[in-house]
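Undergrad: If you scroll down you'll find the structure; I have some questions about it.
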Amino acid sequence: MSESDQLFTEAPPEVTRYFDAKRSKPSVDWRDVAPYEHAVSFTVARTAGYDVIDDIRAAASDVIRNYGDFGQFVDDLEPVLRRKGWWGRKVDAATGEAVQLGSLHRLRTIYWANKSTARAAGEWERIQRTKRALPFLMYGQSRAENKRPLHLTWVGTILLADDPWWATHYPPNGWLCQCRAEQISRREAMRRGYDPDAPAPEIETFTWTNKRTGEVVEVPMGIDPGWQTNPGMTRAANVQQLLSSRIEAMSEAARDVAVKDIVGSRLFRAIQANEFGYDPARAGDRAMREVGHIATPVAALPADVAELLGAEVTLVHFSVADAAKHLGKPERAAWEADLYGMVQHLILNGSIYRDMKRGARNHNFVAEIEGKIWSIALQQSADRKFIFLKSMRRARPDDYSSQAWQKVR
């Protein structure tokens with residue numbers, strides 16, 4: 001199926017990637033998982049101890065990807081949940097209390113929450129990509145029959161997409177909230193009455209205590225606890241944390257999701273597929289040389305690895321020129337961009353070899369992944385201001401046994 005054929009039959013890649021990159025995390029109660037963790041974890045309350053979370057995840061992924069409706073979600077999922085015993089009211093063995101497991105109401109909540117947050121995160125990624133041409137957002141009216149009074153007071157609010165107000169008020173702003181935000185141009189904003197001197201709506205908060213964890217947080221009035229974050233902004237901040245050399249402070253789940261978001265970005269995919277039309281045979285041409293220098297981050301070095309390599313920077317970049325060389329290898333021509341998510345894994349877990357022939361600026365990382373040995377080559381620029389991914393390939397067990405390689409980790 002071509003991209004044009006998929007346009008109206010499959011959700012945009014930034015929407016599906018937001019959901020599919022998450023890790024499954026069974027929980028007892030929705031309050032066990034902090035709001036920011038929902039951006040990297042797929043969780044359903046009271047699934048701990050039941051073999052159902054991956055079934056629910058698969059059904060949610062399918063309806064998100066293929067614009068499925070609630071009826072399809074229930075038809076696919078209810079028989080499986082009933083067969084596995086996750087249905088109706090049952091006595092919790094730990095507390096002795098009767099709890100609600102699967103039901104049509106719970107499935108509707110799961111269906112709505114996951115579709116809505118994936119859509120919102122995908123929209124936010126698109127907004128950040130297009131905000132130079134469409135720099136404003138306008139809060140739109142809910143399509144729900146029973147509208148929340150406070151949400152109605154936000155309708156018509158026009159602010160720059162970078163205004164901090166959107167960090168807490170980008171919809172949805174509560175369970176089953178159907179408010180939307182519209183991205184508009186400066187001209188459209190002025191036509192609709194935008195006043196650059198008018199402040200964002202005042203944010204009043206209330207104190208909410210999570211009785212499960214004891215955490216005390218301030219939640220904006222009108223927003224349900226747990227919905228006071230912008231899922232797309234949370235994921236963007238997650239990526240920024242990895243790219244800001246704070247990789248050691250990240251959870252494994254957050255790091256893995258950040259990597260998937262990086263290699264799933266539009267720029268990375270354009271570079272990996274050589275959509276810039278770089279021709280290695282014309283590398284000497286000035287214009288072609290400039291195109292070849294276009295690069296994007298693909299991974300980050302932890303501080304200890306950077307020190308081991310004698311590196312002054314920690315970001316690893318992938319350039320158009322190097323991507324074109326990868327595509328020029330017959331065995332790599334069919335590689336998908338997602339495969340480059342292994343680069344970060346190899347940096348964190350692989351053995352490190354210094355290339356004694358090419359000098360101290362060149363290192364290879366080698367590790368076994370799913371039964372196959374993979375190798376990447378990193379090279380620091382002559383001025384030590386950049387590190388580039390020069391190659392990624394399958395390796396053999398004895399490739400690094402000669403004196404041409406010095407093992408440093």
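By convention in this document, the chains of the structure tokens carry letters A, B, ... by their order, each chain's residues are numbered from 1, and ligands are numbered from 1 in the order they are shown.
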Select from region 186-352 of chain A everything DSSP, run on the backbone, classes as strand (DSSP E), then give the selection as a list in words.

TA: Thr205, Phe206, Thr207, Trp208, Thr209, Val216, Val217, Glu218, Val219, Pro220, Ala295, Thr296, Pro297, Val298, Ala299, Ala300, Leu315, Val316, His317, Phe318, Ser319, Ser351 and Ile352 of chain A

Undergrad: Write down as a ChimeraX atom specification the residues of region 184-351 of chain A whose backbone DSSP state falls under alpha helix (DSSP H).

TA: /A:186-191,231-243,252-263,266-272,286-292,303-309,320-327,342-349

Undergrad: Suppose you want the space between CA of Pro297 (chain A) and CA of Glu125 (chain A); what is it in Å?

TA: 16.9 Å

Undergrad: Give me the residues near region 137-150 of chain A as a PDB file with N, CA and C atoms, in the first residue's frame, where near means some atom within 10 Å (using only C-alpha atoms) and where sequence neighbours in that chain fewer than 5 positions away do not count.

TA:
```pdb
ATOM      1  N   ILE A 127       2.512  20.055  15.770  1.00  0.00           N
ATOM      2  CA  ILE A 127       2.504  21.487  16.096  1.00  0.00           C
ATOM      3  C   ILE A 127       3.927  22.013  16.206  1.00  0.00           C
ATOM      4  N   LYS A 131       5.155  25.014  13.696  1.00  0.00           N
ATOM      5  CA  LYS A 131       4.798  26.247  14.407  1.00  0.00           C
ATOM      6  C   LYS A 131       5.420  27.501  13.812  1.00  0.00           C
ATOM      7  N   VAL A 155     -12.675  28.445  26.052  1.00  0.00           N
ATOM      8  CA  VAL A 155     -12.955  28.424  24.622  1.00  0.00           C
ATOM      9  C   VAL A 155     -12.643  29.796  24.019  1.00  0.00           C
ATOM     10  N   GLY A 156     -11.924  29.777  22.908  1.00  0.00           N
ATOM     11  CA  GLY A 156     -11.549  31.021  22.242  1.00  0.00           C
ATOM     12  C   GLY A 156     -10.222  31.578  22.688  1.00  0.00           C
ATOM     13  N   THR A 157      -9.612  30.996  23.710  1.00  0.00           N
ATOM     14  CA  THR A 157      -8.295  31.439  24.156  1.00  0.00           C
ATOM     15  C   THR A 157      -7.279  31.195  23.043  1.00  0.00           C
ATOM     16  N   ILE A 158      -6.549  32.237  22.659  1.00  0.00           N
ATOM     17  CA  ILE A 158      -5.536  32.134  21.607  1.00  0.00           C
ATOM     18  C   ILE A 158      -4.196  32.516  22.201  1.00  0.00           C
ATOM     19  N   LEU A 159      -3.255  31.595  22.128  1.00  0.00           N
ATOM     20  CA  LEU A 159      -1.914  31.810  22.670  1.00  0.00           C
ATOM     21  C   LEU A 159      -0.883  31.187  21.739  1.00  0.00           C
ATOM     22  N   LEU A 160       0.344  31.678  21.811  1.00  0.00           N
ATOM     23  CA  LEU A 160       1.422  31.049  21.060  1.00  0.00           C
ATOM     24  C   LEU A 160       1.555  29.584  21.475  1.00  0.00           C
ATOM     25  N   ALA A 161       1.946  28.752  20.547  1.00  0.00           N
ATOM     26  CA  ALA A 161       2.084  27.320  20.842  1.00  0.00           C
ATOM     27  C   ALA A 161       3.112  27.066  21.939  1.00  0.00           C
ATOM     28  N   ASP A 162       4.043  27.989  22.122  1.00  0.00           N
ATOM     29  CA  ASP A 162       5.075  27.819  23.148  1.00  0.00           C
ATOM     30  C   ASP A 162       4.673  28.404  24.497  1.00  0.00           C
ATOM     31  N   ASP A 163       3.450  28.921  24.611  1.00  0.00           N
ATOM     32  CA  ASP A 163       3.039  29.508  25.881  1.00  0.00           C
ATOM     33  C   ASP A 163       2.944  28.412  26.949  1.00  0.00           C
ATOM     34  N   TRP A 166      -0.159  25.875  27.812  1.00  0.00           N
ATOM     35  CA  TRP A 166      -0.478  24.621  27.128  1.00  0.00           C
ATOM     36  C   TRP A 166       0.163  23.413  27.799  1.00  0.00           C
ATOM     37  N   HIS A 169      -2.883  22.747  29.991  1.00  0.00           N
ATOM     38  CA  HIS A 169      -4.244  22.904  29.480  1.00  0.00           C
ATOM     39  C   HIS A 169      -4.452  22.431  28.039  1.00  0.00           C
ATOM     40  N   TYR A 170      -3.427  21.788  27.450  1.00  0.00           N
ATOM     41  CA  TYR A 170      -3.658  21.227  26.122  1.00  0.00           C
ATOM     42  C   TYR A 170      -4.593  20.029  26.272  1.00  0.00           C
ATOM     43  N   PRO A 171      -5.727  20.010  25.580  1.00  0.00           N
ATOM     44  CA  PRO A 171      -6.716  18.937  25.785  1.00  0.00           C
ATOM     45  C   PRO A 171      -6.237  17.590  25.254  1.00  0.00           C
ATOM     46  N   PRO A 172      -6.814  16.505  25.876  1.00  0.00           N
ATOM     47  CA  PRO A 172      -7.927  16.453  26.827  1.00  0.00           C
ATOM     48  C   PRO A 172      -7.502  16.840  28.242  1.00  0.00           C
ATOM     49  N   GLY A 174      -9.308  15.941  31.149  1.00  0.00           N
ATOM     50  CA  GLY A 174     -10.044  15.156  32.129  1.00  0.00           C
ATOM     51  C   GLY A 174     -10.621  13.917  31.465  1.00  0.00           C
ATOM     52  N   LEU A 176     -12.872  11.655  29.596  1.00  0.00           N
ATOM     53  CA  LEU A 176     -13.889  11.833  28.556  1.00  0.00           C
ATOM     54  C   LEU A 176     -14.022  13.283  28.086  1.00  0.00           C
ATOM     55  N   CYS A 177     -13.031  14.145  28.412  1.00  0.00           N
ATOM     56  CA  CYS A 177     -13.029  15.514  27.896  1.00  0.00           C
ATOM     57  C   CYS A 177     -12.903  15.477  26.373  1.00  0.00           C
ATOM     58  N   GLN A 178     -13.772  16.232  25.684  1.00  0.00           N
ATOM     59  CA  GLN A 178     -13.760  16.254  24.226  1.00  0.00           C
ATOM     60  C   GLN A 178     -13.366  17.621  23.663  1.00  0.00           C
ATOM     61  N   CYS A 179     -12.715  18.433  24.488  1.00  0.00           N
ATOM     62  CA  CYS A 179     -12.208  19.717  23.998  1.00  0.00           C
ATOM     63  C   CYS A 179     -11.095  19.478  22.978  1.00  0.00           C
ATOM     64  N   ARG A 180     -10.884  20.439  22.100  1.00  0.00           N
ATOM     65  CA  ARG A 180      -9.825  20.346  21.097  1.00  0.00           C
ATOM     66  C   ARG A 180      -9.068  21.663  21.031  1.00  0.00           C
ATOM     67  N   ALA A 181      -7.894  21.637  20.441  1.00  0.00           N
ATOM     68  CA  ALA A 181      -7.122  22.851  20.186  1.00  0.00           C
ATOM     69  C   ALA A 181      -6.862  22.935  18.685  1.00  0.00           C
ATOM     70  N   GLU A 182      -6.999  24.122  18.137  1.00  0.00           N
ATOM     71  CA  GLU A 182      -6.804  24.337  16.704  1.00  0.00           C
ATOM     72  C   GLU A 182      -5.532  25.149  16.473  1.00  0.00           C
ATOM     73  N   GLN A 183      -4.687  24.683  15.586  1.00  0.00           N
ATOM     74  CA  GLN A 183      -3.458  25.406  15.257  1.00  0.00           C
ATOM     75  C   GLN A 183      -3.753  26.385  14.126  1.00  0.00           C
ATOM     76  N   ILE A 184      -3.360  27.650  14.308  1.00  0.00           N
ATOM     77  CA  ILE A 184      -3.699  28.689  13.329  1.00  0.00           C
ATOM     78  C   ILE A 184      -2.504  29.602  13.058  1.00  0.00           C
ATOM     79  N   SER A 185      -2.595  30.329  11.967  1.00  0.00           N
ATOM     80  CA  SER A 185      -1.553  31.266  11.577  1.00  0.00           C
ATOM     81  C   SER A 185      -1.678  32.576  12.361  1.00  0.00           C
ATOM     82  N   ARG A 186      -0.670  33.414  12.269  1.00  0.00           N
ATOM     83  CA  ARG A 186      -0.732  34.719  12.924  1.00  0.00           C
ATOM     84  C   ARG A 186      -1.878  35.554  12.352  1.00  0.00           C
ATOM     85  N   ALA A 189      -5.060  34.312  13.734  1.00  0.00           N
ATOM     86  CA  ALA A 189      -5.160  34.670  15.155  1.00  0.00           C
ATOM     87  C   ALA A 189      -5.621  36.122  15.305  1.00  0.00           C
ATOM     88  N   ARG A 192      -9.240  36.530  14.538  1.00  0.00           N
ATOM     89  CA  ARG A 192     -10.132  36.010  15.571  1.00  0.00           C
ATOM     90  C   ARG A 192     -10.013  36.764  16.893  1.00  0.00           C
ATOM     91  N   TYR A 194      -7.029  37.973  18.525  1.00  0.00           N
ATOM     92  CA  TYR A 194      -5.876  37.776  19.397  1.00  0.00           C
ATOM     93  C   TYR A 194      -5.320  39.107  19.886  1.00  0.00           C
ATOM     94  N   MET A 221      -7.472  24.028  38.542  1.00  0.00           N
ATOM     95  CA  MET A 221      -8.927  23.911  38.656  1.00  0.00           C
ATOM     96  C   MET A 221      -9.515  23.577  37.295  1.00  0.00           C
ATOM     97  N   GLY A 222     -10.483  22.663  37.284  1.00  0.00           N
ATOM     98  CA  GLY A 222     -11.138  22.271  36.041  1.00  0.00           C
ATOM     99  C   GLY A 222     -10.502  21.098  35.337  1.00  0.00           C
ATOM    100  N   ILE A 223      -9.341  20.646  35.834  1.00  0.00           N
ATOM    101  CA  ILE A 223      -8.648  19.518  35.224  1.00  0.00           C
ATOM    102  C   ILE A 223      -8.645  18.350  36.210  1.00  0.00           C
TER     103      ILE A 223
END
```

Undergrad: Would you kindly return, as number ranges by chain, each protein, DNA or RNA residue with an atom no farther than 8 Å from any atom of region 384-388 of chain A, considering only C-alpha atoms and excluding same-chain residues fewer than 2 positions away?

TA: A: 311-319, 378-382, 390

Undergrad: With N, CA, C and O atoms kept, could you save the residues just selected as a compact mmCIF listing (two decimals), in the first residue's frame?

TA:
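That gives us again_25.txt:
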```
# COMPACT_ATOMS: atom_id res chain seq x y z
N ALA A 311 36.01 11.81 24.60
CA ALA A 311 35.11 12.68 23.83
C ALA A 311 34.75 13.92 24.63
O ALA A 311 34.51 13.86 25.83
N GLU A 312 34.69 15.06 23.95
CA GLU A 312 34.31 16.31 24.59
C GLU A 312 32.81 16.57 24.48
O GLU A 312 32.29 17.47 25.12
N VAL A 313 32.12 15.80 23.65
CA VAL A 313 30.67 15.92 23.48
C VAL A 313 30.06 14.54 23.68
O VAL A 313 30.77 13.52 23.69
N THR A 314 28.75 14.49 23.86
CA THR A 314 28.10 13.20 24.11
C THR A 314 27.09 12.79 23.04
O THR A 314 26.72 11.63 22.97
N LEU A 315 26.61 13.73 22.23
CA LEU A 315 25.63 13.37 21.21
C LEU A 315 26.28 12.65 20.04
O LEU A 315 27.36 13.05 19.57
N VAL A 316 25.62 11.61 19.55
CA VAL A 316 26.05 10.90 18.36
C VAL A 316 25.11 11.28 17.22
O VAL A 316 23.89 11.13 17.35
N HIS A 317 25.67 11.81 16.14
CA HIS A 317 24.87 12.27 15.00
C HIS A 317 24.95 11.29 13.83
O HIS A 317 25.93 10.54 13.69
N PHE A 318 23.93 11.33 13.01
CA PHE A 318 23.87 10.53 11.78
C PHE A 318 23.66 11.49 10.64
O PHE A 318 22.69 12.25 10.62
N SER A 319 24.59 11.51 9.69
CA SER A 319 24.55 12.51 8.61
C SER A 319 23.95 11.94 7.34
O SER A 319 23.87 10.72 7.15
N LEU A 378 31.80 4.53 15.51
CA LEU A 378 31.66 5.95 15.82
C LEU A 378 32.98 6.66 15.55
O LEU A 378 34.06 6.12 15.86
N GLN A 379 32.88 7.86 15.01
CA GLN A 379 34.09 8.64 14.72
C GLN A 379 33.91 10.07 15.23
O GLN A 379 32.91 10.72 14.93
N GLN A 380 34.88 10.54 15.98
CA GLN A 380 34.87 11.94 16.41
C GLN A 380 35.47 12.79 15.30
O GLN A 380 36.42 12.39 14.62
N SER A 381 34.90 13.98 15.11
CA SER A 381 35.44 14.90 14.12
C SER A 381 36.82 15.38 14.56
O SER A 381 37.19 15.26 15.74
N ALA A 382 37.58 15.91 13.62
CA ALA A 382 38.95 16.32 13.92
C ALA A 382 39.01 17.37 15.03
O ALA A 382 39.95 17.38 15.83
N LYS A 390 29.26 6.22 11.78
CA LYS A 390 29.78 6.00 10.43
C LYS A 390 29.24 4.74 9.79
O LYS A 390 29.05 4.69 8.56
```

Undergrad: At a cut-off of 9 Å, using only C-alpha atoms, what residues contact Ala60 (chain A)? Leave out same-chain residues fewer than 6 positions from it and give the result as a list in words.

TA: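 Surrounding residues, per the criterion: Phe19, Gly68, Phe73, Ile110, Tyr111, Asn114 and Lys115 of chain A.
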
Undergrad: Just the selected residues (all heavy atoms), exported as an mmCIF file, in the first residue's frame, please.

TA:
```cif
data_model
loop_
_atom_site.group_PDB
_atom_site.id
_atom_site.type_symbol
_atom_site.label_atom_id
_atom_site.label_comp_id
_atom_site.auth_asym_id
_atom_site.auth_seq_id
_atom_site.Cartn_x
_atom_site.Cartn_y
_atom_site.Cartn_z
ATOM 1 N N PHE A 19 1.981 5.544 20.961
ATOM 2 C CA PHE A 19 1.397 4.417 21.688
ATOM 3 C C PHE A 19 2.292 3.189 21.632
ATOM 4 O O PHE A 19 2.562 2.548 22.651
ATOM 5 C CB PHE A 19 0.019 4.076 21.131
ATOM 6 C CG PHE A 19 -0.656 2.959 21.872
ATOM 7 C CD1 PHE A 19 -1.348 3.199 23.044
ATOM 8 C CD2 PHE A 19 -0.579 1.652 21.404
ATOM 9 C CE1 PHE A 19 -1.949 2.161 23.750
ATOM 10 C CE2 PHE A 19 -1.174 0.606 22.094
ATOM 11 C CZ PHE A 19 -1.865 0.867 23.275
ATOM 12 N N GLY A 68 -10.176 2.434 14.377
ATOM 13 C CA GLY A 68 -11.264 1.545 14.756
ATOM 14 C C GLY A 68 -12.225 2.202 15.733
ATOM 15 O O GLY A 68 -11.874 3.139 16.448
ATOM 16 N N PHE A 73 -13.391 -2.583 19.123
ATOM 17 C CA PHE A 73 -12.529 -2.791 20.288
ATOM 18 C C PHE A 73 -13.146 -3.827 21.225
ATOM 19 O O PHE A 73 -12.471 -4.756 21.681
ATOM 20 C CB PHE A 73 -12.344 -1.446 20.997
ATOM 21 C CG PHE A 73 -11.402 -1.471 22.157
ATOM 22 C CD1 PHE A 73 -10.045 -1.737 21.988
ATOM 23 C CD2 PHE A 73 -11.860 -1.192 23.444
ATOM 24 C CE1 PHE A 73 -9.166 -1.731 23.074
ATOM 25 C CE2 PHE A 73 -10.991 -1.185 24.527
ATOM 26 C CZ PHE A 73 -9.650 -1.459 24.334
ATOM 27 N N ILE A 110 -10.809 2.788 28.734
ATOM 28 C CA ILE A 110 -9.509 2.416 28.181
ATOM 29 C C ILE A 110 -9.412 2.855 26.724
ATOM 30 O O ILE A 110 -8.403 3.427 26.290
ATOM 31 C CB ILE A 110 -9.290 0.897 28.301
ATOM 32 C CG1 ILE A 110 -9.198 0.484 29.775
ATOM 33 C CG2 ILE A 110 -8.048 0.451 27.536
ATOM 34 C CD1 ILE A 110 -9.300 -1.011 30.000
ATOM 35 N N TYR A 111 -10.462 2.574 25.978
ATOM 36 C CA TYR A 111 -10.507 2.935 24.556
ATOM 37 C C TYR A 111 -10.350 4.446 24.393
ATOM 38 O O TYR A 111 -9.503 4.928 23.622
ATOM 39 C CB TYR A 111 -11.839 2.460 23.977
ATOM 40 C CG TYR A 111 -12.192 3.003 22.616
ATOM 41 C CD1 TYR A 111 -11.710 2.412 21.454
ATOM 42 C CD2 TYR A 111 -13.042 4.108 22.482
ATOM 43 C CE1 TYR A 111 -12.049 2.901 20.201
ATOM 44 C CE2 TYR A 111 -13.388 4.603 21.244
ATOM 45 C CZ TYR A 111 -12.888 4.003 20.105
ATOM 46 O OH TYR A 111 -13.230 4.500 18.870
ATOM 47 N N ASN A 114 -6.730 5.996 25.664
ATOM 48 C CA ASN A 114 -5.560 5.706 24.838
ATOM 49 C C ASN A 114 -5.653 6.352 23.460
ATOM 50 O O ASN A 114 -4.650 6.855 22.941
ATOM 51 C CB ASN A 114 -5.357 4.195 24.732
ATOM 52 C CG ASN A 114 -4.774 3.614 26.005
ATOM 53 O OD1 ASN A 114 -3.599 3.773 26.287
ATOM 54 N ND2 ASN A 114 -5.606 2.960 26.796
ATOM 55 N N LYS A 115 -6.836 6.363 22.866
ATOM 56 C CA LYS A 115 -6.981 7.047 21.579
ATOM 57 C C LYS A 115 -6.763 8.545 21.748
ATOM 58 O O LYS A 115 -6.112 9.195 20.915
ATOM 59 C CB LYS A 115 -8.365 6.782 20.980
ATOM 60 C CG LYS A 115 -8.550 5.396 20.396
ATOM 61 C CD LYS A 115 -9.748 5.329 19.466
ATOM 62 C CE LYS A 115 -9.497 6.067 18.169
ATOM 63 N NZ LYS A 115 -10.562 5.841 17.166
#
```
